[in-house]
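Visitor: Sharing my_file.cif here; it has mmCIF, C-alpha atoms.
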data_query
#
loop_
_atom_site.group_PDB
_atom_site.id
_atom_site.type_symbol
_atom_site.label_atom_id
_atom_site.label_comp_id
_atom_site.auth_asym_id
_atom_site.auth_seq_id
_atom_site.Cartn_x
_atom_site.Cartn_y
_atom_site.Cartn_z
ATOM 1 C CA MET A 9 1.251 -0.464 -32.038
ATOM 2 C CA ALA A 10 0.154 -1.867 -28.688
ATOM 3 C CA LEU A 11 2.077 -4.833 -27.353
ATOM 4 C CA ASP A 12 0.384 -8.202 -26.925
ATOM 5 C CA PHE A 13 -0.114 -8.796 -23.205
ATOM 6 C CA PRO A 14 -0.786 -12.120 -21.464
ATOM 7 C CA ALA A 15 -4.411 -12.714 -20.569
ATOM 8 C CA ARG A 16 -5.528 -11.607 -17.112
ATOM 9 C CA ARG A 17 -7.994 -13.518 -14.986
ATOM 10 C CA THR A 18 -10.313 -12.240 -12.300
ATOM 11 C CA LEU A 19 -13.045 -13.692 -10.135
ATOM 12 C CA VAL A 20 -15.612 -11.381 -11.725
ATOM 13 C CA SER A 21 -16.917 -11.348 -15.281
ATOM 14 C CA LEU A 22 -15.395 -8.688 -17.497
ATOM 15 C CA PRO A 23 -17.786 -7.145 -20.026
ATOM 16 C CA SER A 24 -16.605 -4.384 -22.316
ATOM 17 C CA VAL A 25 -15.078 -1.227 -20.878
ATOM 18 C CA THR A 26 -18.026 0.910 -21.880
ATOM 19 C CA GLU A 27 -20.450 -1.509 -20.212
ATOM 20 C CA ARG A 28 -18.365 -1.600 -17.040
ATOM 21 C CA MET A 29 -18.006 2.123 -16.561
ATOM 22 C CA PRO A 30 -21.287 3.827 -17.429
ATOM 23 C CA GLY A 31 -20.916 7.550 -17.147
ATOM 24 C CA ALA A 32 -17.263 7.284 -16.102
ATOM 25 C CA THR A 33 -15.329 10.476 -16.629
ATOM 26 C CA THR A 34 -11.705 10.984 -17.557
ATOM 27 C CA THR A 35 -11.536 14.207 -15.581
ATOM 28 C CA SER A 36 -9.611 13.657 -12.354
ATOM 29 C CA SER A 37 -10.910 14.992 -9.049
ATOM 30 C CA ARG A 38 -8.491 15.523 -6.207
ATOM 31 C CA PRO A 39 -9.248 13.638 -2.974
ATOM 32 C CA ALA A 40 -10.056 15.691 0.093
ATOM 33 C CA PRO A 41 -7.095 16.733 2.283
ATOM 34 C CA ARG A 42 -6.141 14.417 5.122
ATOM 35 C CA ARG A 43 -8.057 14.824 8.351
ATOM 36 C CA GLU A 44 -6.055 15.016 11.547
ATOM 37 C CA GLU A 45 -8.241 12.792 13.730
ATOM 38 C CA HIS A 46 -5.295 11.645 15.831
ATOM 39 C CA ALA A 47 -1.680 12.590 16.550
ATOM 40 C CA GLN A 48 0.714 12.876 13.648
ATOM 41 C CA VAL A 49 4.500 12.977 13.493
ATOM 42 C CA THR A 50 6.246 14.690 10.587
ATOM 43 C CA ILE A 51 9.389 12.976 9.308
ATOM 44 C CA ASP A 52 11.197 14.653 6.400
ATOM 45 C CA ASP A 53 8.088 16.667 5.532
ATOM 46 C CA VAL A 54 5.793 13.620 5.478
ATOM 47 C CA ALA A 55 3.086 13.445 8.175
ATOM 48 C CA PHE A 56 2.789 9.950 9.658
ATOM 49 C CA ASP A 57 -0.214 8.882 11.713
ATOM 50 C CA ALA A 58 0.798 7.810 15.220
ATOM 51 C CA LEU A 59 -1.236 4.619 15.324
ATOM 52 C CA ARG A 60 -0.616 1.010 16.281
ATOM 53 C CA GLU A 61 -1.687 -1.706 13.867
ATOM 54 C CA HIS A 62 -4.903 -2.548 15.719
ATOM 55 C CA GLU A 63 -5.778 1.171 15.737
ATOM 56 C CA VAL A 64 -5.252 1.332 11.964
ATOM 57 C CA VAL A 65 -7.620 -1.613 11.506
ATOM 58 C CA ALA A 66 -10.188 0.002 13.816
ATOM 59 C CA HIS A 67 -9.913 3.310 11.943
ATOM 60 C CA VAL A 68 -10.454 1.651 8.543
ATOM 61 C CA PHE A 69 -13.493 -0.346 9.623
ATOM 62 C CA GLU A 70 -15.053 2.517 11.536
ATOM 63 C CA ALA A 71 -14.776 4.586 8.350
ATOM 64 C CA LEU A 72 -16.269 1.743 6.298
ATOM 65 C CA SER A 73 -19.216 1.583 8.691
ATOM 66 C CA ARG A 74 -19.887 5.256 7.884
ATOM 67 C CA GLY A 75 -19.576 4.692 4.139
ATOM 68 C CA ARG A 76 -16.243 6.486 3.895
ATOM 69 C CA GLY A 77 -13.270 5.051 2.037
ATOM 70 C CA GLY A 78 -9.697 6.212 1.763
ATOM 71 C CA ASN A 79 -6.124 5.527 0.768
ATOM 72 C CA LEU A 80 -3.645 3.950 3.176
ATOM 73 C CA ILE A 81 0.044 4.095 2.313
ATOM 74 C CA THR A 82 2.895 2.458 4.203
ATOM 75 C CA PRO A 83 6.184 4.221 3.421
ATOM 76 C CA ASN A 84 9.456 2.493 4.183
ATOM 77 C CA VAL A 85 12.809 4.281 3.981
ATOM 78 C CA ASP A 86 12.962 3.910 0.198
ATOM 79 C CA ILE A 87 9.481 5.382 -0.278
ATOM 80 C CA LEU A 88 10.115 8.173 2.232
ATOM 81 C CA ARG A 89 13.248 9.087 0.288
ATOM 82 C CA GLN A 90 11.195 9.404 -2.885
ATOM 83 C CA LEU A 91 8.396 11.322 -1.152
ATOM 84 C CA ARG A 92 10.808 14.195 -0.625
ATOM 85 C CA ARG A 93 10.254 15.035 -4.294
ATOM 86 C CA PRO A 94 7.552 17.716 -4.485
ATOM 87 C CA GLN A 95 5.816 15.976 -7.404
ATOM 88 C CA LEU A 96 5.351 12.813 -5.323
ATOM 89 C CA ARG A 97 4.754 14.248 -1.852
ATOM 90 C CA GLU A 98 1.137 14.986 -2.750
ATOM 91 C CA LEU A 99 0.490 11.218 -2.759
ATOM 92 C CA ALA A 100 1.101 11.193 0.999
ATOM 93 C CA GLU A 101 -0.721 14.460 1.607
ATOM 94 C CA GLN A 102 -3.865 13.117 -0.078
ATOM 95 C CA ALA A 103 -3.890 9.761 1.745
ATOM 96 C CA GLU A 104 -6.199 9.297 4.726
ATOM 97 C CA LEU A 105 -3.628 7.212 6.605
ATOM 98 C CA VAL A 106 0.175 7.135 6.372
ATOM 99 C CA VAL A 107 1.951 4.632 8.644
ATOM 100 C CA PRO A 108 5.647 3.654 8.859
ATOM 101 C CA ASP A 109 6.661 0.398 7.202
ATOM 102 C CA GLY A 110 10.259 0.663 8.346
ATOM 103 C CA MET A 111 11.970 0.704 11.739
ATOM 104 C CA PRO A 112 14.358 3.546 10.757
ATOM 105 C CA ILE A 113 11.322 5.822 10.473
ATOM 106 C CA VAL A 114 10.205 4.819 13.980
ATOM 107 C CA TRP A 115 13.750 5.376 15.272
ATOM 108 C CA ALA A 116 13.831 8.798 13.607
ATOM 109 C CA SER A 117 10.599 9.754 15.388
ATOM 110 C CA ARG A 118 12.134 8.788 18.737
ATOM 111 C CA LEU A 119 15.223 10.863 18.047
ATOM 112 C CA ARG A 120 12.934 13.810 17.311
ATOM 113 C CA GLY A 121 11.090 13.310 20.607
ATOM 114 C CA GLU A 122 7.754 12.701 18.806
ATOM 115 C CA GLU A 123 7.444 8.939 18.917
ATOM 116 C CA LEU A 124 5.546 6.840 16.426
ATOM 117 C CA PRO A 125 4.273 3.912 18.517
ATOM 118 C CA GLU A 126 5.272 1.063 16.201
ATOM 119 C CA ARG A 127 6.050 -0.111 12.716
ATOM 120 C CA VAL A 128 2.907 -0.985 10.728
ATOM 121 C CA THR A 129 3.691 -3.032 7.641
ATOM 122 C CA GLY A 130 1.629 -3.864 4.588
ATOM 123 C CA SER A 131 2.668 -7.508 4.936
ATOM 124 C CA SER A 132 1.104 -7.597 8.403
ATOM 125 C CA LEU A 133 -1.925 -5.431 7.612
ATOM 126 C CA ILE A 134 -3.077 -7.763 4.856
ATOM 127 C CA TRP A 135 -3.692 -10.413 7.536
ATOM 128 C CA SER A 136 -5.185 -8.197 10.248
ATOM 129 C CA LEU A 137 -7.449 -6.386 7.779
ATOM 130 C CA SER A 138 -8.471 -9.699 6.204
ATOM 131 C CA ARG A 139 -9.483 -11.121 9.583
ATOM 132 C CA ALA A 140 -11.489 -7.982 10.330
ATOM 133 C CA ALA A 141 -13.090 -8.151 6.879
ATOM 134 C CA ALA A 142 -14.156 -11.772 7.412
ATOM 135 C CA ALA A 143 -15.636 -10.891 10.810
ATOM 136 C CA THR A 144 -17.696 -8.038 9.349
ATOM 137 C CA ASP A 145 -18.677 -9.617 6.009
ATOM 138 C CA ARG A 146 -16.486 -7.246 3.987
ATOM 139 C CA SER A 147 -14.776 -8.200 0.723
ATOM 140 C CA LEU A 148 -11.205 -7.925 -0.573
ATOM 141 C CA TYR A 149 -9.706 -7.386 -4.001
ATOM 142 C CA LEU A 150 -6.044 -8.180 -4.737
ATOM 143 C CA LEU A 151 -4.329 -6.177 -7.465
ATOM 144 C CA GLY A 152 -0.745 -6.624 -8.604
ATOM 145 C CA GLY A 153 2.187 -8.984 -8.713
ATOM 146 C CA ALA A 154 3.459 -11.162 -11.522
ATOM 147 C CA GLU A 155 1.117 -13.485 -13.395
ATOM 148 C CA GLY A 156 -0.528 -15.867 -10.942
ATOM 149 C CA ILE A 157 0.671 -14.151 -7.760
ATOM 150 C CA ALA A 158 -2.625 -12.446 -6.852
ATOM 151 C CA GLU A 159 -4.549 -15.666 -7.489
ATOM 152 C CA ARG A 160 -2.269 -17.696 -5.215
ATOM 153 C CA ALA A 161 -2.354 -14.985 -2.546
ATOM 154 C CA ALA A 162 -6.166 -14.939 -2.677
ATOM 155 C CA GLN A 163 -6.291 -18.709 -2.302
ATOM 156 C CA ARG A 164 -3.971 -18.691 0.711
ATOM 157 C CA LEU A 165 -5.898 -15.894 2.412
ATOM 158 C CA GLN A 166 -9.140 -17.820 1.958
ATOM 159 C CA ASP A 167 -7.506 -21.001 3.211
ATOM 160 C CA GLU A 168 -6.259 -19.341 6.400
ATOM 161 C CA VAL A 169 -8.967 -16.758 7.144
ATOM 162 C CA THR A 170 -12.359 -18.418 7.667
ATOM 163 C CA ASP A 171 -15.281 -16.900 5.745
ATOM 164 C CA LEU A 172 -13.104 -14.327 3.956
ATOM 165 C CA GLY A 173 -14.781 -12.972 0.840
ATOM 166 C CA ILE A 174 -12.570 -12.302 -2.180
ATOM 167 C CA ALA A 175 -14.342 -9.981 -4.621
ATOM 168 C CA GLY A 176 -11.645 -10.425 -7.263
ATOM 169 C CA TRP A 177 -8.002 -10.439 -8.172
ATOM 170 C CA ASP A 178 -5.950 -9.149 -11.071
ATOM 171 C CA CYS A 179 -2.328 -9.244 -12.219
ATOM 172 C CA PRO A 180 -2.082 -6.390 -14.739
ATOM 173 C CA PRO A 181 0.623 -6.879 -17.387
ATOM 174 C CA PHE A 182 3.882 -4.996 -17.119
ATOM 175 C CA GLY A 183 3.523 -1.462 -18.451
ATOM 176 C CA PHE A 184 -0.287 -1.517 -18.328
ATOM 177 C CA GLU A 185 -0.395 1.988 -16.847
ATOM 178 C CA ALA A 186 1.070 3.441 -20.058
ATOM 179 C CA ASP A 187 -1.603 1.828 -22.246
ATOM 180 C CA ASP A 188 -4.974 3.581 -22.087
ATOM 181 C CA GLU A 189 -6.978 0.461 -22.897
ATOM 182 C CA GLN A 190 -5.123 -1.762 -20.449
ATOM 183 C CA LEU A 191 -5.407 0.870 -17.709
ATOM 184 C CA ALA A 192 -9.136 1.278 -18.363
ATOM 185 C CA ASP A 193 -9.593 -2.494 -18.188
ATOM 186 C CA THR A 194 -7.748 -2.660 -14.862
ATOM 187 C CA VAL A 195 -9.781 0.160 -13.330
ATOM 188 C CA ALA A 196 -13.063 -1.159 -14.703
ATOM 189 C CA ALA A 197 -12.515 -4.651 -13.278
ATOM 190 C CA VAL A 198 -12.066 -3.233 -9.777
ATOM 191 C CA VAL A 199 -15.054 -0.922 -10.159
ATOM 192 C CA GLU A 200 -17.291 -3.777 -11.253
ATOM 193 C CA ALA A 201 -16.224 -5.969 -8.321
ATOM 194 C CA LYS A 202 -17.192 -3.228 -5.798
ATOM 195 C CA PRO A 203 -14.866 -4.478 -3.028
ATOM 196 C CA ASP A 204 -14.616 -2.949 0.422
ATOM 197 C CA LEU A 205 -10.820 -3.170 0.540
ATOM 198 C CA VAL A 206 -8.298 -3.304 -2.292
ATOM 199 C CA PHE A 207 -4.667 -4.305 -1.724
ATOM 200 C CA VAL A 208 -2.608 -2.685 -4.481
ATOM 201 C CA ALA A 209 0.812 -4.307 -4.919
ATOM 202 C CA LEU A 210 2.456 -2.526 -7.828
ATOM 203 C CA GLY A 211 5.332 -0.711 -6.131
ATOM 204 C CA PHE A 212 5.716 2.978 -5.351
ATOM 205 C CA PRO A 213 4.615 5.336 -6.857
ATOM 206 C CA LYS A 214 2.657 3.363 -9.456
ATOM 207 C CA GLN A 215 0.327 1.804 -6.887
ATOM 208 C CA GLU A 216 -0.374 5.101 -5.098
ATOM 209 C CA LYS A 217 -1.168 6.890 -8.355
ATOM 210 C CA LEU A 218 -3.558 4.119 -9.344
ATOM 211 C CA MET A 219 -5.181 4.247 -5.902
ATOM 212 C CA VAL A 220 -5.954 7.950 -6.403
ATOM 213 C CA ARG A 221 -7.592 7.160 -9.735
ATOM 214 C CA LEU A 222 -9.590 4.249 -8.343
ATOM 215 C CA ARG A 223 -10.946 6.404 -5.510
ATOM 216 C CA GLU A 224 -12.670 8.610 -8.055
ATOM 217 C CA HIS A 225 -14.900 5.634 -8.911
ATOM 218 C CA LEU A 226 -15.094 3.908 -5.499
ATOM 219 C CA PRO A 227 -15.142 6.610 -2.799
ATOM 220 C CA GLN A 228 -16.483 4.160 -0.190
ATOM 221 C CA THR A 229 -13.624 1.675 -0.670
ATOM 222 C CA TRP A 230 -10.284 1.535 1.159
ATOM 223 C CA PHE A 231 -7.149 1.120 -0.944
ATOM 224 C CA ILE A 232 -3.970 -0.148 0.694
ATOM 225 C CA GLY A 233 -0.600 0.192 -1.014
ATOM 226 C CA CYS A 234 1.352 -2.913 -0.105
ATOM 227 C CA GLY A 235 4.328 -3.284 -2.478
ATOM 228 C CA GLY A 236 5.647 -6.846 -2.478
ATOM 229 C CA THR A 237 3.143 -8.158 0.059
ATOM 230 C CA LEU A 238 1.200 -10.359 -2.361
ATOM 231 C CA THR A 239 4.430 -12.051 -3.380
ATOM 232 C CA MET A 240 5.032 -12.941 0.264
ATOM 233 C CA VAL A 241 1.467 -14.124 0.858
ATOM 234 C CA ALA A 242 1.658 -16.264 -2.280
ATOM 235 C CA GLY A 243 4.808 -17.921 -0.909
ATOM 236 C CA GLU A 244 7.051 -16.679 -3.711
ATOM 237 C CA VAL A 245 9.319 -14.830 -1.253
ATOM 238 C CA SER A 246 9.580 -15.581 2.456
ATOM 239 C CA ARG A 247 9.290 -12.862 5.072
ATOM 240 C CA ALA A 248 12.075 -12.426 7.596
ATOM 241 C CA PRO A 249 11.745 -14.117 11.023
ATOM 242 C CA GLU A 250 10.077 -11.986 13.686
ATOM 243 C CA TRP A 251 13.313 -11.278 15.571
ATOM 244 C CA ILE A 252 14.828 -9.813 12.402
ATOM 245 C CA GLN A 253 11.709 -7.716 11.834
ATOM 246 C CA ARG A 254 11.868 -6.358 15.396
ATOM 247 C CA SER A 255 15.568 -5.532 15.064
ATOM 248 C CA GLY A 256 14.969 -3.376 12.000
ATOM 249 C CA LEU A 257 17.128 -5.602 9.805
ATOM 250 C CA GLU A 258 14.425 -6.995 7.541
ATOM 251 C CA TRP A 259 16.109 -5.210 4.655
ATOM 252 C CA VAL A 260 19.152 -7.478 5.143
ATOM 253 C CA HIS A 261 16.889 -10.507 4.734
ATOM 254 C CA ARG A 262 15.337 -9.031 1.585
ATOM 255 C CA LEU A 263 18.803 -8.265 0.225
ATOM 256 C CA ALA A 264 19.893 -11.857 0.820
ATOM 257 C CA MET A 265 16.730 -13.189 -0.849
ATOM 258 C CA GLU A 266 16.856 -10.878 -3.883
ATOM 259 C CA PRO A 267 20.408 -9.463 -4.162
ATOM 260 C CA ARG A 268 20.271 -8.464 -7.824
ATOM 261 C CA ARG A 269 17.011 -6.559 -7.439
ATOM 262 C CA MET A 270 17.615 -4.996 -4.032
ATOM 263 C CA ALA A 271 21.356 -4.221 -3.880
ATOM 264 C CA LYS A 272 21.270 -0.851 -5.615
ATOM 265 C CA ARG A 273 18.153 0.277 -3.764
ATOM 266 C CA TYR A 274 19.410 -0.601 -0.303
ATOM 267 C CA LEU A 275 23.145 -0.016 -0.556
ATOM 268 C CA VAL A 276 23.376 2.904 -2.975
ATOM 269 C CA HIS A 277 20.199 4.874 -2.275
ATOM 270 C CA ASP A 278 18.636 3.914 1.057
ATOM 271 C CA LEU A 279 21.584 3.528 3.435
ATOM 272 C CA PRO A 280 23.009 7.029 2.769
ATOM 273 C CA TYR A 281 19.510 8.504 2.998
ATOM 274 C CA ALA A 282 18.810 6.671 6.287
ATOM 275 C CA ALA A 283 22.057 7.991 7.769
ATOM 276 C CA GLY A 284 21.066 11.531 6.820
ATOM 277 C CA LEU A 285 17.574 10.972 8.210
ATOM 278 C CA MET A 286 18.993 9.988 11.590
ATOM 279 C CA ALA A 287 21.297 13.017 11.657
ATOM 280 C CA ARG A 288 18.444 15.376 10.801
ATOM 281 C CA SER A 289 16.269 13.769 13.462
ATOM 282 C CA VAL A 290 18.948 14.181 16.148
ATOM 283 C CA LEU A 291 19.213 17.879 15.303
ATOM 284 C CA ALA A 292 15.432 18.272 15.338
ATOM 285 C CA GLY A 293 15.271 16.556 18.730
ATOM 286 C CA ARG A 294 17.894 18.912 20.155
ATOM 287 C CA ARG A 295 15.971 21.924 18.916
ATOM 288 C CA ARG A 296 12.848 20.607 20.650
ATOM 289 C CA ALA A 297 14.663 19.995 23.943
#
Now, as a test, write the supplied structure out as structure tokens.
Guide:
Amino acid sequence: MALDFPARRTLVSLPSVTERMPGATTTSSRPAPRREEHAQVTIDDVAFDALREHEVVAHVFEALSRGRGGNLITPNVDILRQLRRPQLRELAEQAELVVPDGMPIVWASRLRGEELPERVTGSSLIWSLSRAAAATDRSLYLLGGAEGIAERAAQRLQDEVTDLGIAGWDCPPFGFEADDEQLADTVAAVVEAKPDLVFVALGFPKQEKLMVRLREHLPQTWFIGCGGTLTMVAGEVSRAPEWIQRSGLEWVHRLAMEPRRMAKRYLVHDLPYAAGLMARSVLAGRRRA
């Protein structure tokens, strides 16, 4: 028996699933392989695009102007660790853009002698992409977070970015991806809204898997995996000061803010992996020398 989920609210009307998705198919089609239109740096078998944030924004909007969408993922150390699993690595291989949301990844590239120019975070991209969207009359859709988070994030973005168009927002209930009807409702709401950009904040790998599915229906839309970004934009959790971000210690701030949720991830899984990543990068740099 399906669980009773709290009601979800969006800025678009929600007719029945069959009305929303005429001719929709359940057969999945694999996105085209990534195009190497610029330099890439491979870190632990994941190819990162060597782009600065303003170049990422330019790339996305140039593609939109040509009617081409894509997936943009922003791995941090925790996500990179998980991407080493063969069954998940395809999520990065299929994405149009992969940029480092974590200073240790940038440091690893420097140790290898193949430098990524800077850290590009989802929590920063949501603002730069929103400003570009407002300037070009493009619309956003916010998907994810606890009940009310996406709505509050949408309101703040509209308050701070003049003329920003919000096509919709949705906070799917916990476990929605395991319920066929709930998943269909979530996909159909985004499809009906027809946004130009969708920020998907459901955590890795759930958000990336949903992005692949959504692209089947909206090939001209850009989907950005952004983890806890909507929670920050909504003011639920504060982002670290800029000097902490630049030092690569933002994880310490997150740990202090959410110790029960983050302790195991950072201290048990990510720190040992990061140490190994640095060691592997030093060896790779020596082999290149």
Visitor: Evaluate the PyMOL selection byres ((chain A and resi 149-161) around 9) against this structure - the residues, as a VMD selection string, please.
Guide: chain A and resid 14 16 to 18 147 to 148 162 to 166 173 to 182 194 198 201 to 211 215 235 to 244
Visitor: Which value, in Å to one decimal, gives the distance between CA of Gly110 (chain A) and CA of Glu45 (chain A)?
Guide: 22.8 Å
Visitor: Please list as a VMD selection string every residue within 8 Å of region 105-107 of chain A, counting only C-alpha atoms and excluding residues in the same chain fewer than 3 positions away.
Guide: chain A and resid 42 55 to 59 78 to 83 100 127 to 129
Visitor: So the first atom is CA of Leu285 (chain A) and the second is CA of Ala116 (chain A); what is the distance between them in Å, to one decimal place?
Guide: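 We find that CA of Leu285 (chain A) and CA of Ala116 (chain A) lie 6.9 Å from each other.
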Visitor: Using all atoms listed in the file, pick whichever of A:Val65, A:Ala197, A:Ala47, A:Val54 has the shortest atom-to-atom distance to Ser138 (chain A).
Guide: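 Distance minimum relative to Ser138 (chain A) lands on A:Val65.
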Visitor: Compare A:Val114, A:Val169, A:Ile87, A:Met286 by their minimum atom-to-atom distance to Ala141 (chain A), counting only C-alpha atoms, and give me the closest one.
Guide: A:Val169
Visitor: By how many Å are CA of Leu191 (chain A) and CA of Met219 (chain A) apart?
Guide: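 Between CA of Leu191 (chain A) and CA of Met219 (chain A) the gap works out to 12.3 Å.
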Visitor: Give the answer as one residue: which of A:Glu101, A:Glu122, A:Glu224, A:Glu216 has the shortest atom-to-atom distance to Val290 (chain A), using all atoms listed in the file?
Guide: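 Using all atoms listed in the file, Val290 (chain A) sits closest to A:Glu122.
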Visitor: Using only C-alpha atoms, pick whichever of A:Trp115, A:Asp52, A:Arg74, A:Arg296 has the shortest atom-to-atom distance to Arg93 (chain A).
Guide: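 Of A:Trp115, A:Asp52, A:Arg74, A:Arg296, the one nearest Arg93 (chain A), counting only C-alpha atoms, is A:Asp52.
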Visitor: Just checking: using only C-alpha atoms, which residue out of A:Arg118, A:Lys217, A:Arg273, A:Arg223 ends up closest to Arg97 (chain A)?
Guide: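 For Arg97 (chain A), the nearest of the given residues is A:Lys217.
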Visitor: Go through A:Asp53, A:Asp86, A:Glu63, A:Glu126 and flag the residue nearest Glu98 (chain A), using all atoms listed in the file for the distances.
Guide: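 Smallest distance to Glu98 (chain A) is found for A:Asp53.
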Visitor: I'd like the neighbourhood of Ser73 (chain A) as a PyMOL selection string, where a residue qualifies if any of its atoms comes within 12 Å (using only C-alpha atoms), though same-chain residues fewer than 3 positions away should be ignored.
Guide: chain A and resi 66-70+76-77+141+144-146+204+228-230
Visitor: Identify all residues satisfying the PyMOL selection byres ((chain A and resi 89) around 9) in the given file; provide them as a PyMOL selection string.
Guide: chain A and resi 52+84-88+90-93+277-278+281-282
Visitor: Can those selected residues be exported to a file as a PDB file, in the frame of the given file so that it contains C-alpha atoms?
Guide:
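Here's the written file part.pdb:
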ATOM      1  CA  ASP A  52      11.197  14.653   6.400  1.00  0.00           C
ATOM      2  CA  ASN A  84       9.456   2.493   4.183  1.00  0.00           C
ATOM      3  CA  VAL A  85      12.809   4.281   3.981  1.00  0.00           C
ATOM      4  CA  ASP A  86      12.962   3.910   0.198  1.00  0.00           C
ATOM      5  CA  ILE A  87       9.481   5.382  -0.278  1.00  0.00           C
ATOM      6  CA  LEU A  88      10.115   8.173   2.232  1.00  0.00           C
ATOM      7  CA  GLN A  90      11.195   9.404  -2.885  1.00  0.00           C
ATOM      8  CA  LEU A  91       8.396  11.322  -1.152  1.00  0.00           C
ATOM      9  CA  ARG A  92      10.808  14.195  -0.625  1.00  0.00           C
ATOM     10  CA  ARG A  93      10.254  15.035  -4.294  1.00  0.00           C
ATOM     11  CA  HIS A 277      20.199   4.874  -2.275  1.00  0.00           C
ATOM     12  CA  ASP A 278      18.636   3.914   1.057  1.00  0.00           C
ATOM     13  CA  TYR A 281      19.510   8.504   2.998  1.00  0.00           C
ATOM     14  CA  ALA A 282      18.810   6.671   6.287  1.00  0.00           C
TER      15      ALA A 282
END
Visitor: Taking all listed atoms of region 126-133 of chain A, build the axis-aligned box, pad each of the six sides by 4 Å, then write its centre and edge lengths in Å to one decimal as AutoDock Vina command-line options.
Guide:
--center_x 2.1 --center_y -3.3 --center_z 10.4 --size_x 16.0 --size_y 16.7 --size_z 19.6
